[in-house]
file coords-v4.txt (compact mmCIF, C-alpha atoms and all ligand atoms)
# COMPACT_ATOMS: atom_id res chain seq x y z
CA MET A 156 42.60 -31.47 32.43
CA PRO A 157 39.50 -29.49 31.38
CA PRO A 158 38.79 -26.30 33.33
CA VAL A 159 36.56 -26.50 36.40
CA PHE A 160 32.86 -25.96 35.69
CA TYR A 161 31.03 -24.64 38.74
CA TYR A 162 27.40 -25.57 39.23
CA HIS A 163 25.08 -26.76 41.98
CA PRO A 164 21.27 -27.16 41.85
CA ARG A 165 20.90 -24.51 44.57
CA MET A 166 21.84 -22.01 41.85
CA LEU A 167 18.38 -22.67 40.37
CA GLU A 168 16.75 -20.96 43.38
CA TYR A 169 17.37 -17.59 41.73
CA ASP A 170 13.85 -17.49 40.30
CA PHE A 171 11.54 -14.50 39.85
CA GLY A 172 8.58 -16.77 39.04
CA PRO A 173 7.07 -18.56 36.06
CA GLU A 174 6.01 -15.38 34.24
CA HIS A 175 9.49 -13.86 34.36
CA PRO A 176 11.81 -14.26 31.33
CA PHE A 177 14.88 -15.09 33.46
CA ARG A 178 14.29 -18.84 33.71
CA PRO A 179 16.39 -21.23 35.83
CA GLU A 180 15.60 -24.02 33.34
CA ARG A 181 18.12 -22.48 30.95
CA LEU A 182 20.88 -23.44 33.30
CA ALA A 183 19.44 -26.85 34.25
CA ARG A 184 19.19 -27.85 30.58
CA CYS A 185 22.74 -26.79 29.85
CA VAL A 186 24.00 -28.88 32.73
CA GLU A 187 22.07 -31.90 31.50
CA LEU A 188 23.40 -31.47 27.96
CA LEU A 189 26.97 -30.85 29.11
CA SER A 190 26.94 -33.98 31.29
CA ARG A 191 26.60 -36.03 28.08
CA TYR A 192 29.98 -34.70 26.98
CA GLY A 193 31.74 -35.53 30.21
CA ILE A 194 31.56 -32.10 31.85
CA VAL A 195 31.63 -32.68 35.58
CA CYS A 196 30.08 -30.05 37.86
CA GLU A 197 31.95 -28.83 40.87
CA ASP A 198 29.98 -27.36 43.80
CA PRO A 199 30.97 -23.70 44.22
CA GLY A 200 29.44 -23.49 47.71
CA VAL A 201 27.68 -20.21 48.49
CA ALA A 202 28.90 -16.65 48.24
CA SER A 203 29.07 -14.51 51.36
CA ASP A 204 28.47 -10.91 52.43
CA ALA A 205 32.23 -10.42 52.27
CA ASP A 206 32.21 -11.40 48.59
CA ALA A 207 29.37 -8.96 47.84
CA LEU A 208 31.01 -6.17 49.84
CA ARG A 209 33.91 -6.16 47.39
CA VAL A 210 31.74 -4.02 45.12
CA HIS A 211 28.42 -3.33 46.89
CA SER A 212 27.71 -1.06 49.85
CA GLN A 213 26.67 -2.29 53.29
CA ASP A 214 23.62 -0.05 53.02
CA TYR A 215 22.55 -1.87 49.85
CA LEU A 216 22.99 -5.31 51.43
CA THR A 217 21.02 -4.24 54.53
CA THR A 218 18.06 -3.08 52.41
CA PHE A 219 18.34 -6.25 50.31
CA ARG A 220 17.95 -8.36 53.47
CA GLN A 221 14.98 -6.27 54.64
CA VAL A 222 13.21 -6.68 51.30
CA ASP A 223 13.83 -10.43 51.48
CA GLU A 224 12.34 -10.62 55.00
CA LEU A 225 9.27 -8.68 53.90
CA ALA A 226 8.89 -10.78 50.76
CA SER A 227 9.06 -13.94 52.82
CA SER A 228 5.76 -13.30 54.57
CA PRO A 229 2.82 -13.08 52.14
CA GLY A 230 1.69 -9.57 51.22
CA SER A 231 3.95 -7.84 53.71
CA PHE A 232 6.18 -6.18 51.13
CA GLU A 233 3.15 -4.54 49.53
CA ARG A 234 1.86 -3.47 52.99
CA ALA A 235 5.27 -2.09 53.95
CA ILE A 236 5.39 -0.02 50.77
CA GLU A 237 1.89 1.35 51.34
CA LYS A 238 3.06 2.82 54.65
CA VAL A 239 5.97 4.70 53.10
CA VAL A 240 5.01 8.35 52.71
CA ASP A 241 7.72 9.42 50.26
CA LEU A 242 8.24 6.34 48.14
CA GLU A 243 10.94 7.84 45.92
CA ALA A 244 13.04 8.72 48.95
CA SER A 245 12.66 5.24 50.48
CA PRO A 246 15.60 2.83 50.50
CA TYR A 247 13.45 0.31 48.60
CA PHE A 248 13.17 2.72 45.71
CA CYS A 249 16.72 4.06 45.90
CA HIS A 250 18.18 0.57 45.81
CA GLY A 251 16.05 -0.55 42.86
CA PHE A 252 13.74 -2.98 44.64
CA LEU A 253 10.53 -1.37 43.40
CA SER A 254 11.30 -1.94 39.74
CA GLY A 255 9.03 -4.49 38.09
CA ASP A 256 12.09 -6.16 36.56
CA ASN A 257 13.23 -7.57 39.90
CA PRO A 258 10.09 -8.64 41.76
CA PRO A 259 10.95 -9.55 45.38
CA PHE A 260 10.62 -13.25 46.18
CA PRO A 261 11.00 -15.21 49.43
CA GLY A 262 14.58 -16.20 50.13
CA MET A 263 15.95 -13.90 47.43
CA TYR A 264 19.03 -12.90 49.42
CA GLN A 265 20.34 -16.42 49.91
CA ALA A 266 19.22 -17.44 46.42
CA THR A 267 21.35 -14.65 44.96
CA MET A 268 24.34 -15.67 47.07
CA ASN A 269 23.87 -19.23 45.78
CA PHE A 270 23.57 -18.07 42.20
CA ILE A 271 26.65 -15.85 42.05
CA ALA A 272 28.84 -18.39 43.87
CA GLY A 273 29.87 -20.04 40.59
CA THR A 274 31.42 -16.83 39.25
CA VAL A 275 33.01 -15.89 42.57
CA ARG A 276 34.62 -19.31 43.01
CA ALA A 277 35.74 -19.37 39.36
CA ALA A 278 37.48 -16.03 39.90
CA GLU A 279 39.16 -17.34 43.07
CA GLU A 280 40.29 -20.43 41.19
CA VAL A 281 41.91 -18.28 38.49
CA ARG A 282 43.35 -15.88 41.07
CA ASP A 283 44.93 -18.89 42.75
CA GLY A 284 46.62 -20.11 39.57
CA ALA A 285 44.14 -21.89 37.28
CA GLN A 286 44.30 -20.91 33.62
CA MET A 287 40.53 -20.99 33.26
CA ALA A 288 37.39 -21.57 35.37
CA LEU A 289 33.83 -21.62 34.08
CA THR A 290 30.24 -21.30 35.18
CA LEU A 291 26.87 -20.51 33.61
CA GLY A 292 23.91 -18.52 34.84
CA ALA A 293 24.57 -15.35 36.82
CA GLY A 294 26.57 -12.77 34.81
CA LEU A 295 24.34 -10.22 36.55
CA HIS A 296 25.94 -7.22 34.87
CA HIS A 297 23.23 -4.59 35.46
CA CYS A 298 23.43 -4.37 39.25
CA SER A 299 25.52 -1.40 40.30
CA ARG A 300 27.12 -0.71 43.67
CA GLU A 301 23.88 0.42 45.27
CA ARG A 302 21.06 -0.51 42.93
CA ALA A 303 19.36 -3.69 41.73
CA SER A 304 18.48 -3.52 38.06
CA GLY A 305 17.41 -5.59 35.05
CA PHE A 306 16.98 -8.98 36.81
CA CYS A 307 20.30 -8.44 38.61
CA LEU A 308 20.42 -8.27 42.43
CA LEU A 309 24.20 -8.49 42.88
CA ASP A 310 26.97 -8.03 40.32
CA ASP A 311 29.04 -11.21 40.08
CA PRO A 312 31.20 -10.19 37.08
CA ALA A 313 32.19 -7.00 38.89
CA ILE A 314 33.02 -9.06 42.00
CA ALA A 315 35.09 -11.42 39.81
CA CYS A 316 37.11 -8.45 38.52
CA GLY A 317 37.77 -7.47 42.15
CA VAL A 318 38.93 -10.99 43.04
CA LEU A 319 41.28 -11.09 40.04
CA ARG A 320 42.68 -7.67 40.90
CA GLU A 321 44.12 -9.19 44.09
CA LYS A 322 46.65 -10.98 41.92
CA PHE A 323 46.68 -9.20 38.57
CA ASP A 324 47.52 -5.53 38.00
CA ARG A 325 45.36 -5.23 34.89
CA VAL A 326 42.05 -7.03 34.34
CA ALA A 327 39.72 -6.82 31.33
CA TYR A 328 35.98 -7.41 31.42
CA ILE A 329 34.42 -8.44 28.10
CA ASP A 330 30.65 -8.37 27.75
CA ILE A 331 28.99 -9.88 24.65
CA ASP A 332 25.43 -9.69 26.03
CA LEU A 333 22.71 -7.97 23.98
CA HIS A 334 22.46 -5.30 26.70
CA HIS A 335 25.09 -2.84 27.85
CA GLY A 336 27.05 -4.12 30.88
CA ASP A 337 26.26 -0.94 32.80
CA GLY A 338 26.62 -2.20 36.37
CA VAL A 339 30.14 -3.52 35.82
CA GLN A 340 31.10 -0.40 33.89
CA TRP A 341 29.95 2.02 36.62
CA ILE A 342 31.50 -0.02 39.43
CA TRP A 343 34.93 0.07 37.75
CA TYR A 344 34.49 3.36 35.88
CA GLU A 345 37.07 5.37 37.81
CA ASP A 346 39.63 2.57 38.12
CA PRO A 347 42.04 2.42 35.14
CA SER A 348 43.31 -1.01 36.22
CA VAL A 349 40.08 -2.60 34.93
CA LEU A 350 39.15 -2.23 31.26
CA THR A 351 35.43 -2.81 30.65
CA CYS A 352 34.38 -3.62 27.08
CA SER A 353 30.76 -4.03 26.03
CA ILE A 354 29.30 -4.65 22.56
CA HIS A 355 25.53 -4.31 22.60
CA GLU A 356 22.37 -3.03 21.00
CA SER A 357 22.27 0.74 21.38
CA GLY A 358 20.71 2.11 24.55
CA ARG A 359 18.82 4.72 22.57
CA ARG A 360 15.74 2.54 22.72
CA LEU A 361 16.81 -0.55 24.63
CA PHE A 362 17.35 -1.13 28.35
CA PRO A 363 19.44 0.03 30.23
CA GLY A 364 19.69 3.18 28.10
CA THR A 365 23.46 3.52 28.50
CA GLY A 366 26.62 2.23 26.83
CA PHE A 367 27.32 5.13 24.50
CA LEU A 368 30.69 5.91 22.93
CA GLU A 369 31.31 8.93 25.15
CA GLU A 370 31.19 6.78 28.30
CA THR A 371 34.96 6.27 28.32
CA GLY A 372 35.73 5.93 32.03
CA SER A 373 38.95 6.94 33.64
CA GLU A 374 41.76 7.05 31.05
CA PHE A 375 39.60 5.47 28.32
CA THR A 376 39.25 2.20 30.20
CA ALA A 377 35.52 1.92 29.54
CA LEU A 378 34.84 0.93 25.95
CA ASN A 379 31.43 0.66 24.33
CA ILE A 380 30.26 -0.51 20.91
CA PRO A 381 26.59 0.45 20.64
CA LEU A 382 24.99 -1.05 17.53
CA ASP A 383 21.76 -0.18 15.76
CA PRO A 384 18.80 -2.55 16.08
CA TYR A 385 18.85 -5.26 13.39
CA THR A 386 22.64 -5.20 13.06
CA THR A 387 23.61 -8.57 11.60
CA GLY A 388 26.11 -10.99 13.09
CA ASP A 389 28.80 -10.46 10.45
CA VAL A 390 28.91 -6.76 11.33
CA TRP A 391 28.70 -7.53 15.06
CA LEU A 392 31.66 -9.95 14.89
CA ASP A 393 33.69 -7.57 12.72
CA ALA A 394 33.07 -4.73 15.20
CA PHE A 395 34.12 -6.99 18.07
CA ARG A 396 37.34 -7.89 16.25
CA ARG A 397 38.21 -4.35 15.15
CA GLY A 398 37.04 -2.63 18.35
CA VAL A 399 37.55 -4.88 21.36
CA LEU A 400 40.56 -6.97 20.29
CA PRO A 401 42.91 -4.02 19.45
CA ALA A 402 41.96 -2.38 22.75
CA LEU A 403 42.95 -5.56 24.58
CA GLU A 404 46.20 -5.62 22.65
CA ARG A 405 47.00 -2.11 23.85
CA PHE A 406 45.79 -2.52 27.45
CA ARG A 407 47.49 -5.90 27.82
CA PRO A 408 45.30 -7.37 30.56
CA GLN A 409 46.73 -10.19 32.64
CA ALA A 410 43.36 -11.86 33.18
CA ILE A 411 39.87 -11.68 31.70
CA VAL A 412 36.26 -11.95 32.89
CA LEU A 413 33.93 -12.89 30.03
CA GLN A 414 30.18 -12.35 30.37
CA MET A 415 28.51 -14.66 27.83
CA GLY A 416 25.00 -13.27 27.44
CA ALA A 417 23.36 -15.23 24.62
CA ASP A 418 20.67 -12.63 23.90
CA PRO A 419 22.33 -11.01 20.84
CA HIS A 420 20.93 -14.07 19.01
CA PHE A 421 18.41 -13.25 16.28
CA SER A 422 15.73 -15.36 17.95
CA ASP A 423 15.91 -13.59 21.30
CA PRO A 424 12.58 -12.03 22.31
CA LEU A 425 14.08 -9.08 24.23
CA GLY A 426 16.32 -7.57 21.57
CA HIS A 427 16.86 -6.77 17.93
CA LEU A 428 20.40 -7.88 17.10
CA MET A 429 20.67 -10.53 14.39
CA VAL A 430 23.67 -12.55 15.53
CA SER A 431 23.85 -16.27 14.74
CA ALA A 432 24.96 -18.91 17.24
CA HIS A 433 28.03 -19.51 15.06
CA GLU A 434 29.09 -15.84 14.97
CA TRP A 435 28.57 -15.46 18.72
CA LEU A 436 30.71 -18.54 19.36
CA GLU A 437 33.46 -17.07 17.16
CA ALA A 438 33.75 -14.17 19.62
CA VAL A 439 34.07 -16.63 22.51
CA LYS A 440 36.82 -18.42 20.55
CA ASP A 441 38.61 -15.11 19.96
CA VAL A 442 38.71 -14.51 23.71
CA LYS A 443 39.96 -18.04 24.33
CA LYS A 444 42.71 -17.55 21.73
CA LEU A 445 44.15 -14.67 23.75
CA GLY A 446 45.46 -17.42 26.02
CA LEU A 447 45.03 -15.34 29.18
CA PRO A 448 43.72 -16.56 32.53
CA LEU A 449 39.96 -16.55 32.01
CA VAL A 450 36.77 -16.56 34.08
CA ALA A 451 33.61 -17.10 32.02
CA CYS A 452 30.03 -16.83 33.25
CA GLY A 453 26.54 -16.67 31.73
CA GLY A 454 24.28 -13.66 31.33
CA GLY A 455 21.11 -12.88 29.41
CA GLY A 456 19.43 -15.17 26.87
CA TYR A 457 15.67 -15.53 26.80
CA ASN A 458 14.96 -17.96 23.99
CA MET A 459 15.21 -21.27 25.83
CA GLU A 460 16.28 -23.11 22.71
CA SER A 461 19.07 -20.83 21.47
CA VAL A 462 20.52 -20.00 24.89
CA VAL A 463 20.95 -23.69 25.78
CA ARG A 464 22.80 -24.59 22.59
CA MET A 465 24.91 -21.42 22.62
CA TRP A 466 25.97 -21.68 26.26
CA SER A 467 26.65 -25.41 26.02
CA GLY A 468 28.64 -24.91 22.82
CA ALA A 469 30.66 -22.19 24.55
CA ILE A 470 31.51 -24.35 27.56
CA LEU A 471 32.51 -27.28 25.34
CA THR A 472 34.64 -25.01 23.15
CA LEU A 473 36.37 -23.38 26.11
CA SER A 474 36.96 -26.85 27.56
CA ASP A 475 38.55 -28.09 24.31
CA ILE A 476 35.93 -30.82 23.94
CA GLU A 477 35.05 -31.57 20.33
CA PHE A 478 31.39 -32.09 19.59
CA GLU A 479 29.24 -33.01 16.61
CA ASP A 480 26.62 -30.56 15.49
CA SER A 481 23.75 -32.94 16.28
CA LEU A 482 22.50 -33.20 19.87
CA PRO A 483 22.07 -36.53 21.69
CA GLU A 484 18.91 -38.06 20.22
CA ASP A 485 16.71 -38.12 23.33
CA LEU A 486 17.44 -34.50 24.25
CA ALA A 487 16.98 -33.38 20.66
CA LYS A 488 13.55 -35.02 20.69
CA ASN A 489 12.49 -33.78 24.14
CA TRP A 490 13.63 -30.22 23.58
CA LEU A 491 12.81 -30.00 19.84
CA MET A 492 16.39 -28.94 19.31
CA PRO A 493 18.21 -31.12 16.80
CA ARG A 494 21.54 -29.29 16.51
CA PHE A 495 23.91 -26.83 18.15
CA SER A 496 23.87 -24.68 15.02
CA ASP A 497 20.91 -22.53 13.98
CA PRO A 498 18.13 -24.31 12.12
CA THR A 499 17.56 -21.22 9.95
CA PRO A 500 19.96 -18.48 8.90
CA PRO A 501 19.37 -15.03 10.43
CA GLY A 502 18.70 -13.40 7.06
CA PRO A 503 20.64 -10.78 5.09
CA SER A 504 24.16 -9.69 6.03
CA GLY A 505 25.87 -6.31 6.25
CA GLU A 506 23.10 -4.57 8.20
CA GLY A 507 24.07 -1.97 10.81
CA SER A 508 27.54 -1.24 9.47
CA HIS A 509 27.03 2.53 9.82
CA SER A 510 26.80 2.49 13.64
CA ALA A 511 29.57 -0.12 13.82
CA GLU A 512 31.98 1.99 11.75
CA ILE A 513 31.29 5.06 13.89
CA ALA A 514 32.10 3.05 17.02
CA ILE A 515 35.30 1.58 15.57
CA ARG A 516 36.50 5.00 14.44
CA TYR A 517 35.77 6.45 17.88
CA ILE A 518 37.74 3.67 19.58
CA GLN A 519 40.67 4.15 17.19
CA GLU A 520 40.76 7.90 17.80
CA HIS A 521 40.25 7.83 21.55
CA HIS A 522 40.82 4.51 23.32
CA LEU A 523 43.69 3.29 21.20
CA LYS A 524 45.50 6.60 21.67
CA GLY A 525 44.55 7.55 25.23
CA MET A 526 44.38 4.27 27.12
CA PRO A 527 47.28 3.53 29.47
CA THR A 528 49.79 0.92 28.35
CA PRO A 529 51.77 -1.14 30.83
ZN ZN A 601 20.98 -9.09 28.21
call {"tool": "encode", "arguments": {"input": "coords-v4.txt", "output": "structure tokens", "more": "lines below"}}
Ligand SMILES: [Zn+2]
result
Amino acid sequence: MPPVFYYHPRMLEYDFGPEHPFRPERLARCVELLSRYGIVCEDPGVASDADALRVHSQDYLTTFRQVDELASSPGSFERAIEKVVDLEASPYFCHGFLSGDNPPFPGMYQATMNFIAGTVRAAEEVRDGAQMALTLGAGLHHCSRERASGFCLLDDPAIACGVLREKFDRVAYIDIDLHHGDGVQWIWYEDPSVLTCSIHESGRRLFPGTGFLEETGSEFTALNIPLDPYTTGDVWLDAFRRGVLPALERFRPQAIVLQMGADPHFSDPLGHLMVSAHEWLEAVKDVKKLGLPLVACGGGGYNMESVVRMWSGAILTLSDIEFEDSLPEDLAKNWLMPRFSDPTPPGPSGEGSHSAEIAIRYIQEHHLKGMPTP
């Protein structure tokens, strides 16, 4: 039996508008492609306040609802903000709702609950005994306990870690998105029962400006591999294997949450890593090979073409469904996307090894010595 794949069209309501890079079509296209390979979608239902309150504050949810109400009547959010005397002290500002990255839209509260439901239900499924449960979209790893950030209004991977902790004593979060998984890291930073691992383009110049080596969490259970811009996929994959995998071996998690951001790809417009679809999928396979109970969700990915083939390839791989490299003919023609693999290679190899070696050495000297073992 293939693992459950959670999806419902109401997840597409998480939409910041046509000008915003976070497009619901990414998810819709994946679902269409996956249906050709026999992947059946299961309705995850909707997430609830109780799910969100596992990691977010009541204060944050209250402000979130207020912003939604204001956004639902035209112009009223702007008018409400104009009346605020000290904007930086206002709850709108403090909770991240004035950032241009997350423009308020009507119905945003319920839309977010719909969107994160796939990850929450997948985590419940694994908590209740399934070996694996999958979804795409969401993976909203930038939202922290009290602050919306970077297109993320709630933090579903952090919630998933909380759900898994109900059954498992040690949970690992693995984040292969282009950007540092800051929200998840900060939410679990002081809790040594959750190991957060993130491999990403360095925050020196890229959003969210965090994810440095020295962010080690409680008992070295936050692990970061910040890589220089233009690091190539061979170096990226090698750093993942020599940094993240030995840490997992030492920590010995009993379950895993995998955030599958597809934006490390060399074609992605928001970043500067040079990872190929093939190399990225190798990391997904490495996680699968661990053989641990696994929840996988989506994440970033802003080149419509590469994100669809990478995510779909990941779901098929995790589901043990073999697939040819060429796409079904009609979809290939409609989407101008002939194959799962990259049409062009990413260029030279071996770039960025300096920052990668520094990170690996740091992990060997700190995490692999100081992290708790069961
Ligand atoms: Zn990202």
call {"tool": "axis_aligned_box", "arguments": {"input": "coords-v4.txt", "around": "stretch 344-351 of chain A", "padding_each_side": "8 Å", "output": "lines of an AutoDock Vina configuration file"}}
result
center_x = 38.9
center_y = 1.3
center_z = 34.4
size_x = 24.8
size_y = 24.2
size_z = 23.5
call {"tool": "residues_near_point", "arguments": {"input": "coords-v4.txt", "point": "(48.9, -6.5, 38.3)", "cutoff": "12 Å", "atoms": "only C-alpha atoms", "output": "PyMOL selection string"}}
result
chain A and resi 282+316-327+347-349+406-410+529
call {"tool": "residues_near_ligand", "arguments": {"input": "coords-v4.txt", "ligand": "ligand ZN 601 (chain A)", "cutoff": "12 Å", "atoms": "all atoms listed in the file", "output": "VMD selection string"}}
result
chain A and resid 176 to 177 292 to 297 304 to 307 330 to 337 353 to 356 358 361 to 363 414 to 420 423 to 428 453 to 458 462
call {"tool": "write_last_selection", "arguments": {"input": "coords-v4.txt", "atoms": "C-alpha atoms", "output": "PDB file, in the coordinates of the input"}}
result
ATOM      1  CA  PRO A 176      11.810 -14.260  31.330  1.00  0.00           C
ATOM      2  CA  PHE A 177      14.880 -15.090  33.460  1.00  0.00           C
ATOM      3  CA  GLY A 292      23.910 -18.520  34.840  1.00  0.00           C
ATOM      4  CA  ALA A 293      24.570 -15.350  36.820  1.00  0.00           C
ATOM      5  CA  GLY A 294      26.570 -12.770  34.810  1.00  0.00           C
ATOM      6  CA  LEU A 295      24.340 -10.220  36.550  1.00  0.00           C
ATOM      7  CA  HIS A 296      25.940  -7.220  34.870  1.00  0.00           C
ATOM      8  CA  HIS A 297      23.230  -4.590  35.460  1.00  0.00           C
ATOM      9  CA  SER A 304      18.480  -3.520  38.060  1.00  0.00           C
ATOM     10  CA  GLY A 305      17.410  -5.590  35.050  1.00  0.00           C
ATOM     11  CA  PHE A 306      16.980  -8.980  36.810  1.00  0.00           C
ATOM     12  CA  CYS A 307      20.300  -8.440  38.610  1.00  0.00           C
ATOM     13  CA  ASP A 330      30.650  -8.370  27.750  1.00  0.00           C
ATOM     14  CA  ILE A 331      28.990  -9.880  24.650  1.00  0.00           C
ATOM     15  CA  ASP A 332      25.430  -9.690  26.030  1.00  0.00           C
ATOM     16  CA  LEU A 333      22.710  -7.970  23.980  1.00  0.00           C
ATOM     17  CA  HIS A 334      22.460  -5.300  26.700  1.00  0.00           C
ATOM     18  CA  HIS A 335      25.090  -2.840  27.850  1.00  0.00           C
ATOM     19  CA  GLY A 336      27.050  -4.120  30.880  1.00  0.00           C
ATOM     20  CA  ASP A 337      26.260  -0.940  32.800  1.00  0.00           C
ATOM     21  CA  SER A 353      30.760  -4.030  26.030  1.00  0.00           C
ATOM     22  CA  ILE A 354      29.300  -4.650  22.560  1.00  0.00           C
ATOM     23  CA  HIS A 355      25.530  -4.310  22.600  1.00  0.00           C
ATOM     24  CA  GLU A 356      22.370  -3.030  21.000  1.00  0.00           C
ATOM     25  CA  GLY A 358      20.710   2.110  24.550  1.00  0.00           C
ATOM     26  CA  LEU A 361      16.810  -0.550  24.630  1.00  0.00           C
ATOM     27  CA  PHE A 362      17.350  -1.130  28.350  1.00  0.00           C
ATOM     28  CA  PRO A 363      19.440   0.030  30.230  1.00  0.00           C
ATOM     29  CA  GLN A 414      30.180 -12.350  30.370  1.00  0.00           C
ATOM     30  CA  MET A 415      28.510 -14.660  27.830  1.00  0.00           C
ATOM     31  CA  GLY A 416      25.000 -13.270  27.440  1.00  0.00           C
ATOM     32  CA  ALA A 417      23.360 -15.230  24.620  1.00  0.00           C
ATOM     33  CA  ASP A 418      20.670 -12.630  23.900  1.00  0.00           C
ATOM     34  CA  PRO A 419      22.330 -11.010  20.840  1.00  0.00           C
ATOM     35  CA  HIS A 420      20.930 -14.070  19.010  1.00  0.00           C
ATOM     36  CA  ASP A 423      15.910 -13.590  21.300  1.00  0.00           C
ATOM     37  CA  PRO A 424      12.580 -12.030  22.310  1.00  0.00           C
ATOM     38  CA  LEU A 425      14.080  -9.080  24.230  1.00  0.00           C
ATOM     39  CA  GLY A 426      16.320  -7.570  21.570  1.00  0.00           C
ATOM     40  CA  HIS A 427      16.860  -6.770  17.930  1.00  0.00           C
ATOM     41  CA  LEU A 428      20.400  -7.880  17.100  1.00  0.00           C
ATOM     42  CA  GLY A 453      26.540 -16.670  31.730  1.00  0.00           C
ATOM     43  CA  GLY A 454      24.280 -13.660  31.330  1.00  0.00           C
ATOM     44  CA  GLY A 455      21.110 -12.880  29.410  1.00  0.00           C
ATOM     45  CA  GLY A 456      19.430 -15.170  26.870  1.00  0.00           C
ATOM     46  CA  TYR A 457      15.670 -15.530  26.800  1.00  0.00           C
ATOM     47  CA  ASN A 458      14.960 -17.960  23.990  1.00  0.00           C
ATOM     48  CA  VAL A 462      20.520 -20.000  24.890  1.00  0.00           C
TER      49      VAL A 462
END
call {"tool": "residues_around", "arguments": {"input": "coords-v4.txt", "residues": "stretch 388-399 of chain A", "least_positions_apart": "3", "cutoff": "8 Å", "atoms": "all atoms listed in the file", "output": "VMD selection string"}}
result
chain A and resid 352 354 378 380 382 402 to 403 428 to 431 434 to 435 437 to 438 504 to 508 511 to 512 514 to 515 518 to 519
call {"tool": "atom_distance", "arguments": {"input": "coords-v4.txt", "atom1": "atom CA of A:Ser190", "atom2": "atom CA of A:Ile476"}}
result
12.0 Å
call {"tool": "atom_distance", "arguments": {"input": "coords-v4.txt", "atom1": "atom CA of A:Gly251", "atom2": "atom CA of A:Cys298"}}
result
9.1 Å
call {"tool": "residues_around", "arguments": {"input": "coords-v4.txt", "residues": "stretch 195-203 of chain A", "least_positions_apart": "3", "cutoff": "10 Å", "atoms": "only C-alpha atoms", "output": "ChimeraX atom specification"}}
result
/A:157-166,186,189-192,206-208,265-277,289-290,311
call {"tool": "closest_residue", "arguments": {"input": "coords-v4.txt", "among": "A:Ser481, A:Thr528, A:Thr472, A:Ser357", "to": "A:Glu374", "atoms": "all atoms listed in the file"}}
result
A:Thr528
call {"tool": "atom_distance", "arguments": {"input": "coords-v4.txt", "atom1": "atom CA of A:Leu308", "atom2": "atom CA of A:Val240"}}
result
24.9 Å
call {"tool": "residues_around", "arguments": {"input": "coords-v4.txt", "residues": "A:Thr351", "least_positions_apart": "4", "cutoff": "6 Å", "atoms": "only C-alpha atoms", "output": "ChimeraX atom specification"}}
result
/A:327-328,340,377
call {"tool": "closest_residue", "arguments": {"input": "coords-v4.txt", "among": "A:Glu187, A:Glu280, A:Asp214, A:Glu243", "to": "A:Arg464", "atoms": "all atoms listed in the file"}}
result
A:Glu187
call {"tool": "closest_residue", "arguments": {"input": "coords-v4.txt", "among": "A:Glu301, A:Leu309, A:Asp480, A:Ala278", "to": "A:Ile411", "atoms": "all atoms listed in the file"}}
result
A:Ala278
call {"tool": "residues_near_point", "arguments": {"input": "coords-v4.txt", "point": "(39.9, -10.5, 21.9)", "cutoff": "6 Å", "atoms": "only C-alpha atoms", "output": "list of chain:residue names"}}
result
A:Leu400, A:Asp441, A:Val442
call {"tool": "residues_around", "arguments": {"input": "coords-v4.txt", "residues": "A:Phe232", "least_positions_apart": "6", "cutoff": "10 Å", "atoms": "only C-alpha atoms", "output": "PyMOL selection string"}}
result
chain A and resi 221-226+259-260
